[in-house]
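> See start_14.cif below, with mmCIF, C-alpha atoms.
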data_final
#
loop_
_atom_site.label_atom_id
_atom_site.label_comp_id
_atom_site.auth_asym_id
_atom_site.auth_seq_id
_atom_site.Cartn_x
_atom_site.Cartn_y
_atom_site.Cartn_z
CA MET Z 1 31.15 76.34 26.40
CA ARG Z 2 29.94 76.74 22.86
CA PRO Z 3 32.37 76.00 20.00
CA LEU Z 4 32.90 79.64 18.98
CA ASP Z 5 32.77 81.31 22.40
CA GLY Z 6 35.34 84.13 22.38
CA VAL Z 7 35.44 84.47 18.58
CA VAL Z 8 34.66 88.03 17.46
CA VAL Z 9 33.08 88.49 14.04
CA VAL Z 10 32.66 91.96 12.54
CA SER Z 11 30.35 92.03 9.55
CA LEU Z 12 29.63 94.73 6.99
CA GLU Z 13 26.52 92.95 5.84
CA GLN Z 14 23.10 93.39 4.36
CA ALA Z 15 20.30 91.37 2.74
CA VAL Z 16 20.48 87.59 3.28
CA ALA Z 17 23.65 85.71 2.25
CA VAL Z 18 26.29 87.07 4.64
CA PRO Z 19 23.74 87.73 7.41
CA TYR Z 20 22.76 84.05 7.20
CA ALA Z 21 26.42 82.98 7.43
CA THR Z 22 26.96 85.17 10.51
CA ARG Z 23 23.68 83.97 12.06
CA LEU Z 24 25.07 80.42 11.82
CA LEU Z 25 28.31 81.58 13.47
CA ALA Z 26 26.33 83.31 16.23
CA ASP Z 27 24.41 80.07 16.82
CA LEU Z 28 27.76 78.45 17.61
CA GLY Z 29 28.68 81.14 20.13
CA ALA Z 30 30.54 83.75 18.08
CA ARG Z 31 30.08 87.38 19.05
CA VAL Z 32 28.76 88.94 15.84
CA ILE Z 33 28.94 92.72 15.58
CA LYS Z 34 26.80 93.87 12.66
CA ILE Z 35 27.69 97.24 11.11
CA GLU Z 36 24.68 99.14 9.71
CA ARG Z 37 24.10 102.54 8.16
CA PRO Z 38 22.86 105.17 10.67
CA GLY Z 39 19.17 105.91 10.34
CA VAL Z 40 18.66 103.29 7.63
CA GLY Z 41 20.27 100.03 8.62
CA ASP Z 42 20.33 96.81 6.67
CA PHE Z 43 17.70 97.29 3.96
CA ALA Z 44 16.40 93.77 4.69
CA ARG Z 45 15.02 95.15 7.98
CA HIS Z 46 12.04 96.46 6.03
CA TYR Z 47 11.36 93.86 3.31
CA ASP Z 48 8.10 93.27 5.17
CA SER Z 49 6.77 93.98 8.67
CA SER Z 50 5.68 90.50 9.72
CA CYS Z 51 7.93 90.19 12.80
CA GLY Z 52 7.28 93.10 15.13
CA GLU Z 53 9.04 96.05 13.55
CA VAL Z 54 11.27 94.01 11.23
CA SER Z 55 10.87 91.67 8.30
CA SER Z 56 10.73 87.89 8.38
CA TYR Z 57 14.06 87.80 6.50
CA PHE Z 58 15.74 90.06 9.05
CA ALA Z 59 14.33 88.23 12.05
CA TRP Z 60 15.51 84.88 10.66
CA THR Z 61 19.08 85.92 9.80
CA ASN Z 62 19.96 88.23 12.70
CA VAL Z 63 19.25 86.28 15.89
CA GLY Z 64 21.81 86.92 18.60
CA LYS Z 65 23.79 89.69 16.94
CA GLU Z 66 24.90 93.13 18.14
CA SER Z 67 23.97 96.08 15.93
CA VAL Z 68 26.26 99.09 15.61
CA SER Z 69 25.07 101.94 13.40
CA LEU Z 70 28.15 103.53 11.91
CA ASP Z 71 28.93 105.92 9.05
CA ILE Z 72 32.04 104.19 7.74
CA ASN Z 73 32.59 106.98 5.18
CA HIS Z 74 33.09 109.57 7.94
CA PRO Z 75 36.71 109.76 9.16
CA ASP Z 76 35.63 109.17 12.76
CA GLY Z 77 33.43 106.28 11.67
CA ARG Z 78 36.33 104.76 9.80
CA GLU Z 79 38.44 105.02 12.95
CA VAL Z 80 35.76 103.09 14.88
CA LEU Z 81 35.73 100.45 12.16
CA GLU Z 82 39.51 100.14 12.25
CA ARG Z 83 39.42 99.65 16.02
CA LEU Z 84 36.79 96.96 15.58
CA VAL Z 85 38.82 95.19 12.91
CA ALA Z 86 41.85 95.23 15.22
CA ARG Z 87 39.83 93.36 17.86
CA ALA Z 88 38.18 90.93 15.44
CA ASP Z 89 39.01 87.34 14.52
CA VAL Z 90 36.80 87.40 11.44
CA LEU Z 91 35.73 90.23 9.12
CA LEU Z 92 32.94 89.51 6.63
CA CYS Z 93 31.59 91.79 3.95
CA ASN Z 94 29.03 91.80 1.14
CA LEU Z 95 29.37 95.41 0.12
CA SER Z 96 29.87 95.79 -3.61
CA PRO Z 97 33.46 94.99 -4.69
CA ARG Z 98 34.08 98.61 -5.69
CA VAL Z 99 32.87 100.01 -2.34
CA TRP Z 100 34.94 97.42 -0.49
CA GLU Z 101 38.05 98.32 -2.49
CA ARG Z 102 37.57 102.03 -1.78
CA LEU Z 103 37.59 101.33 1.96
CA ALA Z 104 41.17 100.03 1.63
CA LEU Z 105 41.32 98.87 5.24
CA ASP Z 106 44.64 97.91 6.77
CA LEU Z 107 43.94 94.28 7.64
CA PRO Z 108 46.21 92.32 10.01
CA SER Z 109 47.68 89.08 8.67
CA SER Z 110 46.01 87.10 11.44
CA LEU Z 111 42.52 88.20 10.36
CA ILE Z 112 40.13 85.88 8.54
CA VAL Z 113 38.49 87.98 5.83
CA GLY Z 114 35.44 86.77 3.92
CA GLU Z 115 34.26 88.75 0.90
CA LEU Z 116 31.03 87.95 -0.93
CA SER Z 117 30.25 89.44 -4.32
CA GLY Z 118 27.47 88.90 -6.84
CA TYR Z 119 29.35 87.44 -9.80
CA GLY Z 120 33.00 87.76 -8.81
CA TRP Z 121 35.70 90.41 -8.98
CA ASP Z 122 36.51 90.22 -12.67
CA GLY Z 123 34.95 88.98 -15.87
CA PRO Z 124 32.09 90.47 -17.90
CA TYR Z 125 29.56 90.23 -15.03
CA ALA Z 126 31.74 91.74 -12.29
CA ASP Z 127 29.81 95.01 -12.10
CA ARG Z 128 26.31 93.60 -12.54
CA LYS Z 129 23.75 93.74 -9.75
CA ALA Z 130 23.14 90.29 -8.33
CA PHE Z 131 20.07 89.42 -6.30
CA ASP Z 132 18.80 85.96 -5.48
CA ALA Z 133 16.25 85.60 -8.28
CA LEU Z 134 18.69 87.02 -10.85
CA VAL Z 135 21.35 84.50 -9.83
CA GLN Z 136 18.83 81.65 -9.88
CA SER Z 137 18.01 82.72 -13.43
CA GLU Z 138 21.62 83.07 -14.63
CA ALA Z 139 22.62 79.71 -13.13
CA GLY Z 140 19.78 77.87 -14.85
CA LEU Z 141 17.67 77.02 -11.80
CA VAL Z 142 14.66 79.04 -12.98
CA SER Z 143 14.77 77.20 -16.32
CA LEU Z 144 14.40 73.87 -14.49
CA THR Z 145 11.73 74.96 -12.01
CA GLY Z 146 8.04 75.13 -12.85
CA GLU Z 147 5.87 72.98 -15.08
CA GLY Z 148 5.56 72.66 -18.84
CA ASP Z 149 6.08 76.04 -20.46
CA VAL Z 150 5.85 77.91 -17.15
CA MET Z 151 9.11 78.69 -15.37
CA ALA Z 152 9.38 79.63 -11.68
CA ARG Z 153 11.94 80.81 -9.20
CA ALA Z 154 12.49 78.58 -6.20
CA GLY Z 155 10.16 79.54 -3.35
CA ILE Z 156 13.01 80.42 -0.97
CA SER Z 157 16.20 82.47 -1.44
CA VAL Z 158 18.21 79.45 -2.46
CA ALA Z 159 21.17 81.33 -3.99
CA ASP Z 160 21.58 83.42 -0.83
CA ILE Z 161 21.29 80.33 1.35
CA ALA Z 162 23.80 78.40 -0.77
CA ALA Z 163 26.32 81.24 -0.43
CA GLY Z 164 25.66 81.70 3.29
CA VAL Z 165 26.14 78.01 4.08
CA GLN Z 166 29.33 77.78 2.03
CA LEU Z 167 30.77 80.97 3.54
CA HIS Z 168 29.95 79.73 7.04
CA ALA Z 169 31.75 76.42 6.35
CA ALA Z 170 34.77 78.23 4.91
CA VAL Z 171 35.05 80.46 7.98
CA LEU Z 172 34.98 77.41 10.27
CA ALA Z 173 37.75 75.81 8.20
CA ALA Z 174 39.75 79.04 8.33
CA LEU Z 175 39.41 79.19 12.13
CA LEU Z 176 40.83 75.65 12.35
CA GLN Z 177 43.69 76.62 10.07
CA LYS Z 178 44.39 79.77 12.11
CA ALA Z 179 44.49 77.70 15.31
CA ARG Z 180 47.26 75.59 13.76
CA THR Z 181 49.25 78.28 11.94
CA GLY Z 182 48.32 81.61 13.54
CA SER Z 183 47.67 83.04 10.09
CA GLY Z 184 44.49 84.42 8.66
CA VAL Z 185 43.18 83.92 5.14
CA ARG Z 186 41.27 85.87 2.54
CA LEU Z 187 38.12 84.02 1.46
CA ARG Z 188 36.26 85.04 -1.68
CA LEU Z 189 32.91 83.73 -2.81
CA SER Z 190 30.24 84.90 -5.23
CA LEU Z 191 26.51 84.24 -5.18
CA PHE Z 192 26.75 82.97 -8.74
CA GLU Z 193 29.53 80.46 -8.02
CA ALA Z 194 27.69 79.21 -4.92
CA MET Z 195 24.54 78.62 -6.99
CA ALA Z 196 26.51 77.07 -9.86
CA GLU Z 197 28.03 74.56 -7.42
CA TRP Z 198 24.55 73.43 -6.39
CA MET Z 199 23.57 73.10 -10.08
CA HIS Z 200 26.15 70.41 -10.81
CA GLN Z 201 23.74 67.45 -11.05
CA PRO Z 202 21.34 68.93 -13.63
CA MET Z 203 24.30 70.44 -15.49
CA LEU Z 204 26.06 67.06 -15.70
CA TYR Z 205 22.81 65.38 -16.77
CA ALA Z 206 22.26 67.92 -19.55
CA ALA Z 207 25.88 67.69 -20.69
CA ALA Z 208 25.66 63.90 -20.96
CA THR Z 209 22.22 63.67 -22.58
CA GLY Z 210 22.25 66.82 -24.68
CA ALA Z 211 19.10 68.22 -23.08
CA ALA Z 212 17.87 69.45 -19.74
CA ALA Z 213 15.33 67.37 -17.87
CA PRO Z 214 11.81 68.66 -18.61
CA ARG Z 215 10.07 70.93 -16.14
CA SER Z 216 7.63 68.72 -14.25
CA GLY Z 217 6.33 70.82 -11.37
CA ALA Z 218 6.38 68.90 -8.10
CA HIS Z 219 6.98 65.63 -9.96
CA HIS Z 220 10.41 64.12 -10.52
CA PRO Z 221 11.49 64.58 -14.15
CA SER Z 222 12.94 61.06 -14.52
CA ILE Z 223 11.11 58.88 -11.94
CA ALA Z 224 7.40 58.02 -11.65
CA PRO Z 225 5.26 57.91 -9.64
CA TYR Z 226 7.28 60.51 -7.76
CA GLY Z 227 5.16 63.53 -6.89
CA PRO Z 228 1.84 64.63 -5.38
CA VAL Z 229 -1.28 62.56 -6.01
CA ALA Z 230 -4.71 64.01 -5.22
CA CYS Z 231 -7.00 62.21 -2.79
CA ALA Z 232 -10.30 63.05 -1.08
CA ASP Z 233 -9.13 66.01 1.01
CA GLY Z 234 -5.72 67.02 -0.27
CA ALA Z 235 -2.65 65.33 -1.70
CA VAL Z 236 -0.01 62.80 -0.75
CA HIS Z 237 3.48 62.96 -2.25
CA LEU Z 238 4.70 59.58 -3.53
CA ALA Z 239 8.37 58.69 -3.99
CA VAL Z 240 8.45 55.28 -5.68
CA GLN Z 241 12.07 54.73 -6.66
CA ASN Z 242 12.49 51.01 -7.27
CA ASP Z 243 10.65 47.91 -8.46
CA GLY Z 244 9.96 46.61 -4.97
CA GLN Z 245 8.18 49.81 -3.98
CA TRP Z 246 6.28 49.80 -7.28
CA GLN Z 247 5.10 46.22 -6.80
CA ARG Z 248 3.91 46.98 -3.27
CA LEU Z 249 2.01 50.01 -4.54
CA CYS Z 250 0.40 47.86 -7.25
CA GLY Z 251 -0.65 45.36 -4.59
CA LEU Z 252 -2.20 48.12 -2.50
CA ILE Z 253 -4.43 49.38 -5.30
CA GLY Z 254 -4.98 46.06 -7.08
CA LEU Z 255 -3.19 47.14 -10.25
CA GLU Z 256 -2.41 44.28 -12.64
CA ALA Z 257 1.03 44.12 -14.24
CA GLU Z 258 0.99 46.17 -17.43
CA GLU Z 259 3.78 46.58 -19.96
CA ARG Z 260 3.27 50.34 -20.15
CA PHE Z 261 4.15 50.62 -16.44
CA ALA Z 262 6.77 47.86 -16.29
CA THR Z 263 9.88 50.05 -15.85
CA VAL Z 264 10.73 53.45 -14.42
CA ALA Z 265 11.28 54.78 -17.95
CA SER Z 266 7.93 53.46 -19.19
CA ARG Z 267 6.14 54.87 -16.16
CA VAL Z 268 7.67 58.27 -16.89
CA ALA Z 269 6.61 57.96 -20.54
CA HIS Z 270 3.03 57.22 -19.42
CA ARG Z 271 3.04 59.56 -16.43
CA ASP Z 272 -0.31 61.23 -17.24
CA GLU Z 273 -2.13 57.92 -17.57
CA LEU Z 274 -0.53 56.62 -14.40
CA GLN Z 275 -1.44 59.79 -12.51
CA LYS Z 276 -5.11 59.49 -13.48
CA LEU Z 277 -5.17 55.81 -12.51
CA LEU Z 278 -3.67 56.53 -9.08
CA GLU Z 279 -5.99 59.44 -8.40
CA ARG Z 280 -9.03 57.30 -9.25
CA ALA Z 281 -7.76 54.63 -6.86
CA PHE Z 282 -7.15 57.16 -4.08
CA SER Z 283 -10.18 59.41 -4.59
CA GLY Z 284 -12.17 57.85 -1.75
CA MET Z 285 -9.35 58.09 0.81
CA THR Z 286 -8.37 61.03 2.97
CA ALA Z 287 -4.73 62.05 2.97
CA ALA Z 288 -4.27 60.64 6.47
CA GLU Z 289 -5.85 57.31 5.46
CA LEU Z 290 -3.77 57.09 2.30
CA LEU Z 291 -0.53 57.88 4.10
CA ALA Z 292 -1.28 55.21 6.71
CA ALA Z 293 -2.00 52.65 3.98
CA LEU Z 294 1.23 53.49 2.14
CA ASP Z 295 3.23 53.32 5.37
CA ALA Z 296 1.74 49.89 6.07
CA VAL Z 297 3.12 48.45 2.80
CA ASP Z 298 6.41 50.40 2.98
CA VAL Z 299 5.85 52.74 0.04
CA PRO Z 300 7.63 56.09 0.66
CA ALA Z 301 5.18 58.97 0.90
CA ALA Z 302 4.48 62.23 2.72
CA LEU Z 303 1.63 64.64 3.22
CA THR Z 304 1.67 67.69 0.97
CA ARG Z 305 1.34 70.40 3.60
CA SER Z 306 0.91 74.15 3.47
CA ILE Z 307 3.63 76.36 4.94
CA THR Z 308 1.02 77.54 7.45
CA GLU Z 309 0.99 73.99 8.86
CA LEU Z 310 4.73 73.84 9.55
CA PRO Z 311 4.51 75.49 13.01
CA THR Z 312 2.16 72.70 14.14
CA HIS Z 313 3.98 69.81 12.43
CA PRO Z 314 3.98 66.85 14.84
CA GLN Z 315 7.69 66.20 14.25
CA LEU Z 316 8.71 69.71 15.34
CA ASP Z 317 8.22 69.94 19.07
CA THR Z 318 10.98 72.37 20.10
CA TRP Z 319 10.13 76.01 19.51
CA VAL Z 320 11.56 79.06 21.28
CA ASP Z 321 10.39 82.63 21.61
CA VAL Z 322 12.92 85.06 20.16
CA GLN Z 323 12.76 88.76 20.96
CA VAL Z 324 12.56 91.07 17.95
CA PRO Z 325 12.19 94.87 17.87
CA GLY Z 326 8.57 95.46 18.81
CA GLY Z 327 7.66 91.94 19.92
CA SER Z 328 8.67 88.30 19.76
CA VAL Z 329 8.41 85.42 17.27
CA ARG Z 330 8.58 81.64 17.59
CA MET Z 331 11.57 80.05 15.89
CA LEU Z 332 13.24 76.69 15.69
CA PRO Z 333 16.62 75.99 17.28
CA PRO Z 334 19.55 75.06 15.01
CA PRO Z 335 18.83 71.74 13.27
CA VAL Z 336 22.10 70.10 14.41
CA ALA Z 337 21.81 69.13 18.07
CA GLY Z 338 24.80 68.66 20.34
CA PHE Z 339 25.82 72.21 21.27
CA GLU Z 340 24.26 74.49 23.84
CA TRP Z 341 22.07 77.16 22.23
CA SER Z 342 20.02 79.93 23.71
CA PRO Z 343 18.82 82.60 21.29
CA GLY Z 344 19.83 86.20 21.72
CA ALA Z 345 17.47 88.92 20.57
CA VAL Z 346 17.24 90.27 17.04
CA PRO Z 347 18.75 93.74 17.53
CA ALA Z 348 17.19 97.12 16.91
CA LEU Z 349 19.28 99.40 14.72
CA GLY Z 350 22.25 100.69 16.71
CA ALA Z 351 21.09 98.97 19.89
CA HIS Z 352 24.67 98.13 20.88
CA ASN Z 353 26.45 101.35 19.91
CA ASP Z 354 27.40 102.37 23.42
CA HIS Z 355 28.18 98.85 24.62
CA VAL Z 356 30.52 98.06 21.71
CA LEU Z 357 32.25 101.43 21.63
CA ARG Z 358 32.90 101.36 25.37
CA TRP Z 359 34.43 97.90 24.81
CA LEU Z 360 36.71 99.61 22.26
CA GLY Z 361 37.75 102.21 24.86
CA TYR Z 362 35.59 105.20 23.93
CA SER Z 363 34.59 107.52 26.78
CA ASP Z 364 31.12 108.92 27.37
CA GLU Z 365 32.28 112.30 26.07
CA GLU Z 366 33.63 110.73 22.88
CA LEU Z 367 30.39 108.83 22.37
CA SER Z 368 28.39 112.03 22.74
CA SER Z 369 30.63 113.75 20.22
CA LEU Z 370 30.18 110.91 17.70
CA ARG Z 371 26.42 111.12 18.10
CA VAL Z 372 26.41 114.90 17.61
CA ARG Z 373 28.39 114.47 14.36
CA SER Z 374 25.92 111.74 13.21
CA VAL Z 375 28.69 109.14 13.00
CA LEU Z 376 26.54 106.71 15.00
#
Let me see the structure of the file written as structure tokens.

Amino acid sequence: MRPLDGVVVVSLEQAVAVPYATRLLADLGARVIKIERPGVGDFARHYDSSCGEVSSYFAWTNVGKESVSLDINHPDGREVLERLVARADVLLCNLSPRVWERLALDLPSSLIVGELSGYGWDGPYADRKAFDALVQSEAGLVSLTGEGDVMARAGISVADIAAGVQLHAAVLAALLQKARTGSGVRLRLSLFEAMAEWMHQPMLYAAATGAAAPRSGAHHPSIAPYGPVACADGAVHLAVQNDGQWQRLCGLIGLEAEERFATVASRVAHRDELQKLLERAFSGMTAAELLAALDAVDVPAALTRSITELPTHPQLDTWVDVQVPGGSVRMLPPPVAGFEWSPGAVPALGAHNDHVLRWLGYSDEELSSLRVRSVL
């Protein structure tokens, strides 16, 4: 038994945030029925074509789901949706708030409903388009990321992931509450609020000091040496956070005690000088040699690897082949061990139309009629 075996999740989803939340629920055993537009599907299917016939985003966020292509604006399509909702434990949606309101579904009181918007349902930004990079920018993350005068978005869809993780956790809490009370709940979350929650630390720092920490690339803005240091064949990322680690690093490279490097604050103030000194000391060492030397004196460090090296990382030894439309890709299992997990396929558009509608009680004749009227 998996924790969510028997839980039915119906999701009117697209892009990344809600699909990631439902992927996490599917990992725990929930039956996730994904509603997509006939002939088009979730537009994230075609962000790129790196995973068979679908994008890397779609392959990542849609493992183990059932796809039903359904025109929810057609009266017959709406009837199918209403039958699905009647059988569901959880209904999730990241349609725009206005589209969701126009649907005006009759939702049972026992249903857990999760609604994700861009900026919320009221306020001056309620009707604005919200995509990951835009939300990163509005929440201040882009202003903190980069180096010097150059700003950068985070290299992954961090706003979408923040919202997906928080929505997933809220649904789990709602399922516990429903088990005790029998009642559902209406959950509301916005991408912007999810990102703002993750921005608390830099926001509190700026509020207390009167200024944001400076952009410092891969280096820590207020600790040094804490960032990548070049060596003979690459770079090693240092993370020297206290005096003991600093003294052991000094011993490794034969650095005499100097006032300009005596404290964390003074090392930050003289970061450029310190960086040059370290790189001179490490220039004759390979990254592997340097990491071994740092490990030997208990100075925290890591190799600075390319993303292309992650599939062969020596710490990751459990990979599985996941079927995607047009092929298969290697993926990692969920990072929290303890529950049984076997990956279902990433579905082709409408791959489960007949299976799901027969489960709802539709006959073969009715299915044929829905197909003729382009409802499916």
> Of the residues Z:Val16, Z:Arg102, Z:Ala269, Z:Ser143, which is the one nearest to Z:Met203, using all atoms listed in the file?
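Of Z:Val16, Z:Arg102, Z:Ala269, Z:Ser143, the one nearest Z:Met203 is Z:Ser143, counting all atoms listed in the file.
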> Using all atoms listed in the file, which of the listed residues (Z:Glu340, Z:Glu82, Z:Asp295, Z:Glu366) sits closest to Z:Asp27?
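With all atoms listed in the file as the atom set, the closest residue is Z:Glu340.
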> Take atom CA of Z:Ser49 and atom CA of Z:Ser96 and report the distance between them in Å, one decimal.
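Atom-to-atom, atom CA of Z:Ser49 and atom CA of Z:Ser96 are spaced 26.2 Å apart.
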> What does the PyMOL selection byres ((chain Z and resi 302) around 8) select in this file, as a PyMOL selection string?
chain Z and resi 236-238+291+300-301+303-304
> So that all listed atoms of stretch 66-81 of chain Z fit with 3 Å spare on each side, what axis-aligned box centre and edge lengths in Å, to one decimal, would you give as lines of an AutoDock Vina configuration file?

center_x = 31.2
center_y = 101.4
center_z = 11.7
size_x = 20.5
size_y = 22.6
size_z = 19.0
> When you draw a straight line from atom CA of Z:Thr286 to atom CA of Z:His219, how long is it in Å?
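Taking atom CA of Z:Thr286 as the start and atom CA of Z:His219 as the end point, the length is 20.6 Å.
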> Using the chain letters and numbers from the file, which residues does the PyMOL selection byres ((chain Z and resi 167) around 8) grab, as a ChimeraX atom specification?
/Z:18,21,114,163-166,168-171,189
> Enter the distance from atom CA of Z:Asp127 to atom CA of Z:Pro97, in Å, rounded to one decimal.
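The value is 8.3 Å.
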> What do you get, as a PyMOL selection string, if you spell out every residue that the PyMOL selection byres ((chain Z and resi 147-157) around 12) selects here?
chain Z and resi 15-17+20+57+131-146+158-164+191+195+213-221+307
> Taking only residues of stretch 6-34 of chain Z that have an atom at most 12 Å from an atom of stretch 350-357 of chain Z, what is each one's shortest atom pair and its distance in Å to one decimal, using only C-alpha atoms, in chain and number order, as JSON lines?

{"residue": "Z:Val8", "atom": "CA", "partner": "Z:Val356", "partner_atom": "CA", "distance": 11.7}
{"residue": "Z:Val10", "atom": "CA", "partner": "Z:Val356", "partner_atom": "CA", "distance": 11.2}
{"residue": "Z:Arg31", "atom": "CA", "partner": "Z:Val356", "partner_atom": "CA", "distance": 11.0}
{"residue": "Z:Val32", "atom": "CA", "partner": "Z:Val356", "partner_atom": "CA", "distance": 11.0}
{"residue": "Z:Ile33", "atom": "CA", "partner": "Z:Val356", "partner_atom": "CA", "distance": 8.3}
{"residue": "Z:Lys34", "atom": "CA", "partner": "Z:Gly350", "partner_atom": "CA", "distance": 9.1}
> Would you export the selected residues with C-alpha atoms as a compact mmCIF listing (two decimals), keeping the file's coordinate frame, please?

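Contents of out_0.txt, as written:
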# COMPACT_ATOMS: atom_id res chain seq x y z
CA VAL Z 8 34.66 88.03 17.46
CA VAL Z 10 32.66 91.96 12.54
CA ARG Z 31 30.08 87.38 19.05
CA VAL Z 32 28.76 88.94 15.84
CA ILE Z 33 28.94 92.72 15.58
CA LYS Z 34 26.80 93.87 12.66
> Tell me which of Z:Leu274, Z:Ala130, Z:Ala59, Z:Val229 sits closest to Z:Ser190, counting only C-alpha atoms.
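Ranking Z:Leu274, Z:Ala130, Z:Ala59, Z:Val229 by distance to Z:Ser190, first place goes to Z:Ala130.
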> Which polymer residues have any atom within 10 Å of an atom of stretch 275-282 of chain Z, counting all atoms listed in the file, with same-chain residues fewer than 6 positions away left out, as a ChimeraX atom specification?
/Z:224-232,235-236,249-250,252-255,267,289-290
> So that I can check the surroundings of Z:Pro19, please list as a list in words every protein, DNA and RNA residue that reaches within 10 Å of it, counting all atoms listed in the file and ignoring chain neighbours fewer than 4 positions away.
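So the residues in contact are Ser11, Leu12, Glu13, Gln14, Ala15, Arg23, Leu24, Leu25, Val32, Lys34, Asp42, Ala44, Tyr57, Phe58, Trp60, Thr61, Asn62, Val63, Lys65, Leu92, Cys93, Asn94, Asp160, Ile161 and Gly164 of chain Z.
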> Measuring between only C-alpha atoms, which one of Z:Asp48, Z:Glu365, Z:Glu66, Z:Glu258 shows the shortest distance to Z:Glu36?
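Smallest distance to Z:Glu36 is found for Z:Glu66.
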> Quick test: take stretch 23-39 of chain Z, keep C-alpha atoms, and write it as a tab-separated table (two decimals), in the first residue's frame.

chain	number	residue	atom	x	y	z
Z	23	ARG	CA	3.09	14.61	-9.83
Z	24	LEU	CA	4.09	14.55	-6.14
Z	25	LEU	CA	0.63	13.23	-5.23
Z	26	ALA	CA	0.89	10.56	-7.94
Z	27	ASP	CA	4.27	9.52	-6.51
Z	28	LEU	CA	2.45	8.75	-3.26
Z	29	GLY	CA	-0.15	6.60	-5.00
Z	30	ALA	CA	-2.95	9.02	-5.88
Z	31	ARG	CA	-4.82	8.41	-9.12
Z	32	VAL	CA	-4.32	11.69	-10.99
Z	33	ILE	CA	-6.65	12.36	-13.91
Z	34	LYS	CA	-5.29	15.25	-15.96
Z	35	ILE	CA	-7.81	17.21	-18.05
Z	36	GLU	CA	-6.36	18.62	-21.29
Z	37	ARG	CA	-7.72	20.49	-24.28
Z	38	PRO	CA	-8.54	18.20	-27.26
Z	39	GLY	CA	-5.98	18.40	-30.03
